[in-house]
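J.: Pasting coords_38.cif below, which is mmCIF, C-alpha atoms (C1' of nucleotides).
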```cif
data_final
loop_
_atom_site.label_atom_id
_atom_site.label_comp_id
_atom_site.auth_asym_id
_atom_site.auth_seq_id
_atom_site.Cartn_x
_atom_site.Cartn_y
_atom_site.Cartn_z
CA MET F 1 -2.88 3.71 -1.60
CA PRO F 2 -0.83 2.09 -4.25
CA GLU F 3 -1.69 -1.59 -3.97
CA LEU F 4 -0.09 -4.57 -5.67
CA PRO F 5 -0.81 -3.64 -9.32
CA GLU F 6 0.39 -0.06 -8.85
CA VAL F 7 3.57 -1.17 -7.07
CA GLU F 8 4.24 -3.77 -9.77
CA VAL F 9 3.93 -1.06 -12.44
CA VAL F 10 6.56 0.92 -10.53
CA ARG F 11 8.83 -2.11 -10.11
CA ALA F 12 8.74 -3.01 -13.78
CA GLY F 13 9.41 0.61 -14.68
CA LEU F 14 12.48 0.81 -12.45
CA VAL F 15 14.14 -2.37 -13.71
CA PRO F 16 15.70 -1.03 -16.94
CA ALA F 17 17.26 1.96 -15.18
CA LEU F 18 18.22 0.37 -11.87
CA ALA F 19 19.12 -3.30 -12.32
CA GLY F 20 22.90 -3.37 -12.59
CA ALA F 21 23.22 0.37 -11.99
CA ARG F 22 25.56 2.18 -9.60
CA LEU F 23 24.38 4.70 -7.02
CA ASP F 24 26.67 7.68 -7.65
CA ALA F 25 25.03 9.88 -5.01
CA VAL F 26 22.23 9.65 -2.46
CA THR F 27 20.58 12.75 -0.99
CA VAL F 28 18.08 12.67 1.87
CA LEU F 29 15.95 15.82 1.89
CA ASP F 30 13.51 14.68 4.58
CA ALA F 31 14.49 12.16 7.23
CA ARG F 32 10.83 11.37 7.97
CA SER F 33 11.03 9.05 4.99
CA LEU F 34 13.62 6.99 6.89
CA THR F 35 11.46 6.00 9.87
CA ARG F 36 12.17 2.34 9.23
CA HIS F 37 15.87 2.85 8.64
CA PRO F 38 17.95 1.92 11.70
CA GLY F 39 20.44 4.78 11.22
CA ASP F 40 20.18 8.48 10.41
CA ALA F 41 20.15 10.28 7.07
CA ARG F 42 23.96 10.50 6.85
CA ASP F 43 24.24 6.79 7.55
CA PHE F 44 21.72 6.03 4.78
CA GLU F 45 23.58 8.17 2.27
CA ALA F 46 27.06 6.95 3.20
CA ARG F 47 26.19 3.26 3.16
CA LEU F 48 24.56 3.45 -0.27
CA THR F 49 26.88 5.74 -2.16
CA GLY F 50 28.94 3.77 -4.65
CA ARG F 51 26.90 0.57 -4.26
CA ARG F 52 25.48 -1.38 -7.18
CA VAL F 53 21.84 -2.46 -7.38
CA ASP F 54 21.29 -6.09 -8.42
CA ALA F 55 17.56 -6.16 -9.16
CA VAL F 56 14.21 -4.62 -8.29
CA VAL F 57 11.97 -7.07 -6.41
CA ARG F 58 8.42 -6.90 -5.08
CA ARG F 59 6.27 -8.87 -2.67
CA GLY F 60 2.81 -7.48 -2.02
CA LYS F 61 3.24 -3.73 -1.68
CA PHE F 62 6.89 -3.89 -0.62
CA LEU F 63 9.70 -3.14 -3.06
CA TRP F 64 13.36 -3.87 -2.51
CA MET F 65 16.64 -3.58 -4.35
CA PRO F 66 19.29 -6.11 -3.32
CA LEU F 67 22.75 -4.54 -3.25
CA ALA F 68 25.44 -6.39 -5.14
CA ASP F 69 28.29 -7.93 -3.18
CA ALA F 70 31.27 -8.76 -5.36
CA GLY F 71 31.25 -12.46 -6.15
CA ALA F 72 28.82 -13.35 -3.39
CA GLU F 73 25.06 -13.23 -2.94
CA PRO F 74 23.74 -9.91 -1.65
CA ILE F 75 23.40 -9.52 2.11
CA GLU F 76 21.39 -6.31 2.24
CA ALA F 77 18.88 -4.31 0.26
CA ILE F 78 17.15 -0.96 0.00
CA VAL F 79 13.60 -1.68 1.15
CA GLY F 80 10.78 0.62 0.17
CA HIS F 81 7.10 1.00 0.89
CA LEU F 82 5.10 3.68 -0.92
CA GLY F 83 2.55 3.97 1.87
CA MET F 84 -0.45 5.99 0.72
CA SER F 85 1.13 8.61 -1.43
CA GLY F 86 4.66 7.51 -2.27
CA GLN F 87 6.01 7.69 -5.82
CA MET F 88 9.27 6.47 -7.26
CA LEU F 89 9.99 8.64 -10.29
CA LEU F 90 12.70 8.58 -12.94
CA ARG F 91 13.85 11.98 -14.13
CA GLU F 92 16.63 13.52 -16.19
CA PRO F 93 19.86 13.97 -14.21
CA GLY F 94 19.93 17.37 -12.51
CA THR F 95 16.15 17.83 -12.52
CA PRO F 96 15.26 20.58 -9.99
CA THR F 97 13.85 19.42 -6.65
CA LEU F 98 10.28 18.14 -7.05
CA ARG F 99 7.34 19.02 -4.84
CA HIS F 100 7.37 16.67 -1.82
CA GLU F 101 10.67 15.18 -2.90
CA ARG F 102 12.14 13.25 0.06
CA ILE F 103 15.11 11.28 -1.26
CA ARG F 104 17.09 11.41 -4.51
CA PHE F 105 19.40 8.80 -6.00
CA ASP F 106 21.76 9.79 -8.81
CA VAL F 107 22.04 6.57 -10.76
CA ARG F 108 24.51 5.45 -13.43
CA HIS F 109 23.66 2.44 -15.57
CA PRO F 110 26.47 0.83 -17.62
CA THR F 111 24.46 0.87 -20.85
CA HIS F 112 21.49 3.18 -20.23
CA GLY F 113 23.46 6.03 -18.73
CA GLU F 114 22.62 8.46 -15.96
CA ILE F 115 19.21 9.10 -14.44
CA ALA F 116 17.72 10.46 -11.22
CA MET F 117 15.49 8.16 -9.16
CA VAL F 118 13.37 10.38 -6.94
CA PHE F 119 11.27 9.27 -3.98
CA VAL F 120 8.34 11.67 -3.67
CA ASP F 121 5.80 11.29 -0.86
CA GLN F 122 3.16 13.84 0.05
CA ARG F 123 1.79 12.20 3.21
CA THR F 124 5.06 10.58 4.33
CA PHE F 125 3.47 7.24 5.19
CA GLY F 126 5.97 5.66 2.86
CA SER F 127 9.58 4.91 3.75
CA LEU F 128 12.94 3.68 2.56
CA ALA F 129 15.50 1.76 4.61
CA ILE F 130 18.59 -0.38 4.36
CA ASP F 131 17.77 -3.86 5.61
CA ARG F 132 19.44 -7.25 5.93
CA LEU F 133 18.35 -10.11 3.69
CA GLU F 134 17.38 -13.49 5.08
CA ARG F 135 16.52 -16.82 3.51
CA THR F 136 12.88 -17.62 2.62
CA PRO F 137 11.56 -20.51 4.74
CA ASP F 138 10.19 -22.32 1.67
CA GLY F 139 13.36 -21.80 -0.38
CA ALA F 140 11.38 -20.24 -3.22
CA ALA F 141 12.19 -16.89 -4.83
CA ALA F 142 11.31 -14.14 -2.38
CA GLY F 143 9.19 -12.08 -4.75
CA ARG F 144 8.70 -10.96 -8.32
CA GLY F 145 11.80 -9.66 -10.06
CA SER F 146 14.47 -12.07 -8.84
CA ASP F 147 15.04 -15.83 -8.59
CA ILE F 148 17.01 -15.44 -5.37
CA PRO F 149 15.35 -16.79 -2.19
CA LEU F 150 16.38 -13.82 -0.04
CA VAL F 151 13.86 -11.48 1.59
CA PRO F 152 14.47 -8.34 3.70
CA THR F 153 13.79 -8.91 7.40
CA GLN F 154 11.18 -6.13 7.30
CA VAL F 155 9.25 -8.04 4.63
CA ALA F 156 9.72 -11.59 5.92
CA HIS F 157 6.65 -11.53 8.17
CA ILE F 158 4.15 -10.80 5.40
CA ALA F 159 2.54 -13.51 3.32
CA ARG F 160 3.32 -13.96 -0.34
CA ASP F 161 0.91 -12.22 -2.69
CA PRO F 162 -1.72 -14.04 -4.77
CA LEU F 163 0.19 -13.53 -8.04
CA ASP F 164 3.30 -15.21 -6.60
CA PRO F 165 3.72 -18.75 -8.02
CA ALA F 166 4.76 -19.88 -4.52
CA PHE F 167 1.59 -18.49 -2.90
CA ASP F 168 0.09 -21.15 -0.63
CA ASP F 169 -3.63 -21.42 -1.47
CA ARG F 170 -4.21 -23.97 1.25
CA ALA F 171 -2.62 -21.80 3.94
CA PHE F 172 -4.91 -18.97 2.82
CA ARG F 173 -8.00 -21.14 3.20
CA THR F 174 -6.78 -22.35 6.58
CA ALA F 175 -6.14 -18.80 7.79
CA LEU F 176 -9.65 -17.71 6.82
CA GLY F 177 -11.16 -20.74 8.46
CA ARG F 178 -9.37 -19.92 11.67
CA THR F 179 -10.60 -16.37 12.26
CA ARG F 180 -13.99 -14.98 13.20
CA SER F 181 -12.93 -11.56 11.86
CA ALA F 182 -14.77 -10.02 8.95
CA VAL F 183 -13.63 -11.47 5.63
CA LYS F 184 -12.58 -8.00 4.46
CA ARG F 185 -10.35 -7.57 7.49
CA ALA F 186 -8.70 -10.89 6.63
CA LEU F 187 -8.12 -9.74 3.03
CA LEU F 188 -6.42 -6.60 4.32
CA ASP F 189 -4.24 -8.57 6.77
CA GLN F 190 -0.86 -8.70 5.03
CA THR F 191 0.17 -11.75 7.07
CA VAL F 192 -2.73 -13.69 5.51
CA VAL F 193 -2.30 -12.48 1.94
CA SER F 194 -0.28 -9.47 0.82
CA GLY F 195 -0.81 -6.82 -1.81
CA ILE F 196 -4.51 -6.15 -1.24
CA GLY F 197 -5.70 -2.75 -0.01
CA ASN F 198 -9.10 -1.15 0.36
CA ILE F 199 -9.80 -0.78 -3.37
CA TYR F 200 -9.09 -4.34 -4.45
CA ALA F 201 -10.64 -5.83 -1.31
CA ASP F 202 -13.94 -4.13 -2.16
CA GLU F 203 -13.65 -5.13 -5.83
CA ALA F 204 -12.86 -8.79 -5.12
CA LEU F 205 -15.68 -9.07 -2.57
CA TRP F 206 -18.11 -7.53 -5.05
CA ALA F 207 -17.02 -9.96 -7.77
CA ALA F 208 -17.35 -12.91 -5.38
CA ARG F 209 -20.73 -11.61 -4.15
CA LEU F 210 -19.61 -11.65 -0.53
CA HIS F 211 -20.59 -9.14 2.14
CA PRO F 212 -17.41 -7.53 3.54
CA GLU F 213 -18.46 -8.19 7.14
CA ARG F 214 -19.21 -11.88 6.79
CA PRO F 215 -17.14 -13.70 9.42
CA ALA F 216 -14.31 -15.36 7.53
CA ASN F 217 -14.69 -18.74 9.25
CA GLU F 218 -18.35 -18.95 8.24
CA LEU F 219 -17.54 -18.99 4.54
CA PRO F 220 -17.85 -22.36 2.82
CA THR F 221 -14.59 -23.58 1.27
CA ARG F 222 -16.18 -23.09 -2.13
CA ALA F 223 -16.76 -19.41 -1.40
CA VAL F 224 -13.18 -18.93 -0.21
CA THR F 225 -11.87 -20.55 -3.39
CA ARG F 226 -14.12 -18.31 -5.46
CA LEU F 227 -12.93 -15.26 -3.54
CA LEU F 228 -9.27 -16.08 -4.12
CA GLY F 229 -9.99 -16.53 -7.81
CA GLU F 230 -11.66 -13.12 -7.95
CA VAL F 231 -8.77 -11.53 -6.04
CA ARG F 232 -6.37 -12.84 -8.68
CA ALA F 233 -8.66 -11.80 -11.52
CA VAL F 234 -9.05 -8.23 -10.31
CA LEU F 235 -5.31 -7.83 -9.62
CA ASP F 236 -4.45 -9.24 -13.06
CA ARG F 237 -6.90 -6.94 -14.79
CA ALA F 238 -5.69 -3.87 -12.92
CA LEU F 239 -2.11 -4.77 -13.76
CA ALA F 240 -2.97 -5.10 -17.44
CA GLU F 241 -4.42 -1.58 -17.35
CA GLY F 242 -1.43 -0.06 -15.62
CA GLY F 243 -3.05 0.21 -12.18
CA THR F 244 -5.80 2.33 -10.68
CA SER F 245 -5.61 6.03 -10.21
CA PHE F 246 -7.99 8.24 -8.26
CA ASP F 247 -5.84 11.29 -7.87
CA ALA F 248 -2.39 12.33 -8.93
CA GLN F 249 -0.75 10.10 -6.29
CA TYR F 250 -0.85 6.79 -8.14
CA VAL F 251 1.52 6.95 -11.02
CA ASN F 252 4.18 4.97 -12.83
CA VAL F 253 7.85 5.95 -12.88
CA ASN F 254 7.12 8.59 -15.51
CA GLY F 255 4.35 10.18 -13.44
CA GLN F 256 1.53 8.75 -15.59
CA ALA F 257 -1.71 7.39 -14.15
CA GLY F 258 -3.25 3.98 -14.88
CA TYR F 259 -6.64 3.32 -16.39
CA PHE F 260 -8.21 0.80 -14.04
CA ALA F 261 -10.33 3.42 -12.25
CA HIS F 262 -12.68 3.20 -15.22
CA SER F 263 -13.19 -0.51 -14.52
CA LEU F 264 -14.21 -0.33 -10.87
CA ASN F 265 -17.55 -1.89 -9.95
CA ALA F 266 -17.95 -1.02 -6.27
CA TYR F 267 -15.10 1.05 -4.82
CA GLY F 268 -15.84 4.78 -4.80
CA ARG F 269 -19.19 4.26 -6.53
CA THR F 270 -21.46 5.16 -3.60
CA GLY F 271 -25.02 5.73 -4.81
CA GLN F 272 -24.31 4.59 -8.36
CA PRO F 273 -26.03 1.47 -9.71
CA CYS F 274 -24.43 -1.93 -9.17
CA PRO F 275 -23.27 -3.03 -12.67
CA ARG F 276 -24.84 -6.44 -12.02
CA CYS F 277 -28.29 -5.63 -10.61
CA GLY F 278 -28.73 -1.85 -10.65
CA THR F 279 -29.13 -1.49 -6.87
CA PRO F 280 -27.27 1.61 -5.59
CA ILE F 281 -23.86 0.81 -4.11
CA VAL F 282 -23.68 1.67 -0.42
CA ARG F 283 -20.75 2.93 1.61
CA VAL F 284 -20.25 2.04 5.25
CA SER F 285 -17.53 2.93 7.71
CA PHE F 286 -15.23 0.00 8.44
CA THR F 287 -12.16 0.08 10.72
CA ASN F 288 -11.39 3.75 10.09
CA ARG F 289 -11.98 3.48 6.35
CA SER F 290 -14.83 2.76 3.95
CA SER F 291 -16.41 -0.34 2.49
CA HIS F 292 -18.38 -0.15 -0.75
CA TYR F 293 -20.71 -2.98 -1.69
CA CYS F 294 -23.99 -3.90 -3.31
CA PRO F 295 -26.60 -4.52 -0.60
CA ARG F 296 -28.49 -6.87 -2.92
CA CYS F 297 -25.72 -8.97 -4.50
CA GLN F 298 -23.64 -9.11 -1.33
CA ARG F 299 -25.91 -10.28 1.46
CA ARG F 300 -24.61 -10.65 4.96
"C1'" DA W 1 -3.35 -15.93 21.60
"C1'" DC W 2 -6.06 -13.36 19.13
"C1'" DT W 3 -8.48 -9.04 17.88
"C1'" DC W 4 -8.95 -4.35 17.45
"C1'" DT W 5 -7.93 0.73 17.95
"C1'" DG W 6 -5.14 4.80 17.55
"C1'" DG W 7 -1.48 7.43 15.63
"C1'" DC W 8 1.39 8.70 12.06
"C1'" DC W 9 0.85 12.50 7.88
"C1'" DT W 10 -0.83 16.42 4.35
"C1'" DG W 11 -3.62 18.11 0.42
"C1'" DT W 12 -8.20 18.57 -1.20
"C1'" DG W 13 -12.79 20.04 -1.33
"C1'" DA W 14 -17.36 20.64 0.81
"C1'" DG W 15 -19.80 23.56 3.77
"C1'" DC W 16 -20.49 27.70 6.30
"C1'" DT T 1 -13.28 35.06 0.23
"C1'" DG T 2 -11.40 32.46 3.82
"C1'" DC T 3 -11.86 29.41 7.39
"C1'" DT T 4 -12.65 24.67 9.51
"C1'" DC T 5 -12.97 19.95 9.19
"C1'" DA T 6 -13.77 15.38 7.32
"C1'" DC T 7 -11.54 12.35 4.44
"C1'" DA T 8 -8.13 9.52 1.91
"C1'" DG T 9 -5.83 4.71 4.50
"C1'" DG T 10 -1.18 1.12 5.04
"C1'" DC T 11 1.18 -0.28 8.75
"C1'" DC T 12 2.49 -1.21 13.42
"C1'" DA T 13 2.64 -0.63 18.46
"C1'" DG T 14 0.13 -1.36 22.17
"C1'" DA T 15 -4.30 -1.96 24.49
"C1'" DG T 16 -8.05 -5.02 25.48
#
```
Output the file's structure as structure tokens, nothing else.

T.:
Amino acid sequence: MPELPEVEVVRAGLVPALAGARLDAVTVLDARSLTRHPGDARDFEARLTGRRVDAVVRRGKFLWMPLADAGAEPIEAIVGHLGMSGQMLLREPGTPTLRHERIRFDVRHPTHGEIAMVFVDQRTFGSLAIDRLERTPDGAAAGRGSDIPLVPTQVAHIARDPLDPAFDDRAFRTALGRTRSAVKRALLDQTVVSGIGNIYADEALWAARLHPERPANELPTRAVTRLLGEVRAVLDRALAEGGTSFDAQYVNVNGQAGYFAHSLNAYGRTGQPCPRCGTPIVRVSFTNRSSHYCPRCQRR
DNA sequence: ACTCTGGCCTGTGAGC
DNA sequence: TGCTCACAGGCCAGAG
């Protein structure tokens, strides 16, 4: 469950090695990581070999690398989603096959030299694909990492994330006002706001003192504004600490974990005292996953 | 039109 | 010791 901060750590880590680099070779070891690619493994390898990567861009939890097109703007990109357990690692060229390695790119950068970019994914919920780029409806940059207003078709349907300068606060408030769904469900809906997963949803709701199952359209505008502020605050803090890590799955491009797990107030703290009032945090089942909240600070 | 559920996956660890 | 099983949960297709 890498969420926005973890994916941003990966994006920033890839930039020096990948932006402007050439893909000398592409090797697919497990085609299950290509479920969102329209062709087969050979097609993926053949279409990428020899191409040059322009940039590494992120919106929400999606990453993409626009492919350079001589003298023109790029028309396609490698799109990636880490799913629950995906990692994008940088290793010395020729590094032996890693555990759960799915796809390897042998990369050559004009100034930084050769490196291996390895897609590792234990649970194979993640995927890579080649996708066409289309124009953003608002004309703004499509995501963090590039000024170009081109977004992969597979990413176009999701909302911008709350750290995106072009995020539409008013559209977010409108969307919440329009649904009777639980506010947590709305936070996890990537078409409403992207980048938030179970961890940061629980953390933002705790900070805003909102019960996860409050119907979204019953929240006063003031509460929605407060919630959005807390979403941004928790994402910013996690980013500053290099992301959250609960097990070995959430790592930067060098395989190192972040520190934000030490800063969590609600998520994963079942039975431990709420840092605000001391009441034990409770855990309830919620749409096939868990919600953690303080029953005293976060009243329904 | 909107809302919600199930299925895709595999490693880990608790419990017997 | 070795087995089973619940759990982690983002995303999307399809059901309701």

J.: Let me make sure I understand: among F:Leu227, F:Val155, F:Pro66, F:Phe125, which one has the smallest atom-to-atom distance to DG7 in chain W if we use only C-alpha atoms (C1' of nucleotides)?

T.: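 For DG7 in chain W, the nearest of the given residues is F:Phe125.
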
J.: Name the residues that the PyMOL selection byres ((chain T and resi 15) around 12) picks from the file above, as a PyMOL selection string, using the file's chain letters and numbers.

T.: (chain W and resi 3-6) or (chain T and resi 13-14+16)

J.: Of the candidates F:Gly268, F:Ser85, F:Gln154, F:Glu8, which shows the shortest atom-to-atom distance to DT10 in chain W, using only C-alpha atoms (C1' of nucleotides)?

T.: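 Result for the nearest residue to DT10 in chain W: F:Ser85.
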
J.: Tell me which residues the PyMOL selection byres ((chain F) within 12 of (chain T)) grabs here, as JSON, numbers by chain.

T.: {"F": [1, 2, 3, 36, 60, 61, 62, 81, 82, 83, 84, 85, 86, 123, 124, 125, 126, 127, 154, 155, 158, 188, 189, 190, 191, 194, 195, 196, 197, 198, 199, 246, 247, 249, 268, 285, 286, 287, 288, 289, 290, 291]}

J.: With C-alpha atoms retained, could you export that selection as a tab-separated table (two decimals), in the coordinates of the input?

T.:
```tsv
chain	number	residue	atom	x	y	z
F	1	MET	CA	-2.88	3.71	-1.60
F	2	PRO	CA	-0.83	2.09	-4.25
F	3	GLU	CA	-1.69	-1.59	-3.97
F	36	ARG	CA	12.17	2.34	9.23
F	60	GLY	CA	2.81	-7.48	-2.02
F	61	LYS	CA	3.24	-3.73	-1.68
F	62	PHE	CA	6.89	-3.89	-0.62
F	81	HIS	CA	7.10	1.00	0.89
F	82	LEU	CA	5.10	3.68	-0.92
F	83	GLY	CA	2.55	3.97	1.87
F	84	MET	CA	-0.45	5.99	0.72
F	85	SER	CA	1.13	8.61	-1.43
F	86	GLY	CA	4.66	7.51	-2.27
F	123	ARG	CA	1.79	12.20	3.21
F	124	THR	CA	5.06	10.58	4.33
F	125	PHE	CA	3.47	7.24	5.19
F	126	GLY	CA	5.97	5.66	2.86
F	127	SER	CA	9.58	4.91	3.75
F	154	GLN	CA	11.18	-6.13	7.30
F	155	VAL	CA	9.25	-8.04	4.63
F	158	ILE	CA	4.15	-10.80	5.40
F	188	LEU	CA	-6.42	-6.60	4.32
F	189	ASP	CA	-4.24	-8.57	6.77
F	190	GLN	CA	-0.86	-8.70	5.03
F	191	THR	CA	0.17	-11.75	7.07
F	194	SER	CA	-0.28	-9.47	0.82
F	195	GLY	CA	-0.81	-6.82	-1.81
F	196	ILE	CA	-4.51	-6.15	-1.24
F	197	GLY	CA	-5.70	-2.75	-0.01
F	198	ASN	CA	-9.10	-1.15	0.36
F	199	ILE	CA	-9.80	-0.78	-3.37
F	246	PHE	CA	-7.99	8.24	-8.26
F	247	ASP	CA	-5.84	11.29	-7.87
F	249	GLN	CA	-0.75	10.10	-6.29
F	268	GLY	CA	-15.84	4.78	-4.80
F	285	SER	CA	-17.53	2.93	7.71
F	286	PHE	CA	-15.23	0.00	8.44
F	287	THR	CA	-12.16	0.08	10.72
F	288	ASN	CA	-11.39	3.75	10.09
F	289	ARG	CA	-11.98	3.48	6.35
F	290	SER	CA	-14.83	2.76	3.95
F	291	SER	CA	-16.41	-0.34	2.49
```

J.: Would you list the residues near (-13.3, -24.4, 0.2) (no more than 12 Å away, in the coordinates of the file, using all atoms listed in the file) as a PyMOL selection string?

T.: chain F and resi 169-177+216-229

J.: Quick one: 4 Å padding each side, axis-aligned, all listed atoms of range 1-13 of chain T - centre and edge lengths in Å to one decimal, as JSON?

T.:
```
{"center_x": -5.6, "center_y": 16.9, "center_z": 9.3, "size_x": 24.4, "size_y": 44.3, "size_z": 26.2}
```

J.: Could you tell me how far CA of Arg51 in chain F lies from CA of Leu23 in chain F, in Å and to one decimal?

T.: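 One can read the CA of Arg51 in chain F to CA of Leu23 in chain F distance as 5.6 Å.
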
J.: Excluding Thr111 in chain F and residues on its chain fewer than 3 positions from it, collect all residues at most 10 Å away from it, counting all atoms listed in the file, and give them as a PyMOL selection string.

T.: chain F and resi 16-17+20-21+108+114

J.: Counting only C-alpha atoms (C1' of nucleotides), figure out which residue out of F:Ile75, F:Ala186, F:Ala12, F:Ala208 gets nearest to chain W.

T.: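 Distance minimum relative to chain W lands on F:Ala186.
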
J.: Between F:Gln272, F:Ser33, F:Gln87, F:Thr49, single out the one closest to chain W, counting only C-alpha atoms (C1' of nucleotides).

T.: F:Ser33

J.: Check the smallest atom-to-atom distance from each of F:Ala55, F:Val28, F:Ala182, F:Val9 to chain W using only C-alpha atoms (C1' of nucleotides), then report the winner.

T.: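 Among F:Ala55, F:Val28, F:Ala182, F:Val9, it is F:Ala182 that comes nearest to chain W.
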
J.: Could you jot down the CA of Leu235 in chain F to CA of Leu163 in chain F separation for me, Å, one decimal place?

T.: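 Value for the CA of Leu235 in chain F-CA of Leu163 in chain F distance: 8.1 Å.
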
J.: Would you please work out which residue, of F:Phe44, F:Phe167, F:Trp64, F:Tyr293, is nearest to Ile103 in chain F when using all atoms listed in the file?

T.: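 Of F:Phe44, F:Phe167, F:Trp64, F:Tyr293, the one nearest Ile103 in chain F is F:Phe44, counting all atoms listed in the file.
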
J.: Please compute the CA of Leu67 in chain F-CA of Asp54 in chain F distance, one decimal, in Å.

T.: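 These two atoms are separated by 5.6 Å.
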
J.: Name all residues at most 8 Å from Cys277 in chain F (count only C-alpha atoms (C1' of nucleotides); drop same-chain ones fewer than 3 positions away) and give them as a list in words.

T.: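 In the requested form, the answer reads Pro273, Cys274, Arg296 and Cys297 of chain F.
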
J.: Limit the output to C-alpha atoms and give range 3-16 of chain F as an mmCIF file, in the first residue's frame.

T.:
```
data_model
loop_
_atom_site.group_PDB
_atom_site.id
_atom_site.type_symbol
_atom_site.label_atom_id
_atom_site.label_comp_id
_atom_site.auth_asym_id
_atom_site.auth_seq_id
_atom_site.Cartn_x
_atom_site.Cartn_y
_atom_site.Cartn_z
ATOM 1 C CA GLU F 3 0.256 5.815 -1.083
ATOM 2 C CA LEU F 4 1.089 9.268 -2.395
ATOM 3 C CA PRO F 5 4.109 10.040 -0.156
ATOM 4 C CA GLU F 6 5.709 6.651 -0.793
ATOM 5 C CA VAL F 7 5.172 6.913 -4.560
ATOM 6 C CA GLU F 8 6.573 10.447 -4.565
ATOM 7 C CA VAL F 9 9.700 9.206 -2.772
ATOM 8 C CA VAL F 10 10.092 6.634 -5.544
ATOM 9 C CA ARG F 11 9.487 9.204 -8.293
ATOM 10 C CA ALA F 12 12.044 11.636 -6.940
ATOM 11 C CA GLY F 13 14.535 8.802 -6.560
ATOM 12 C CA LEU F 14 14.122 7.690 -10.170
ATOM 13 C CA VAL F 15 14.552 11.126 -11.744
ATOM 14 C CA PRO F 16 18.367 11.389 -11.659
#
```
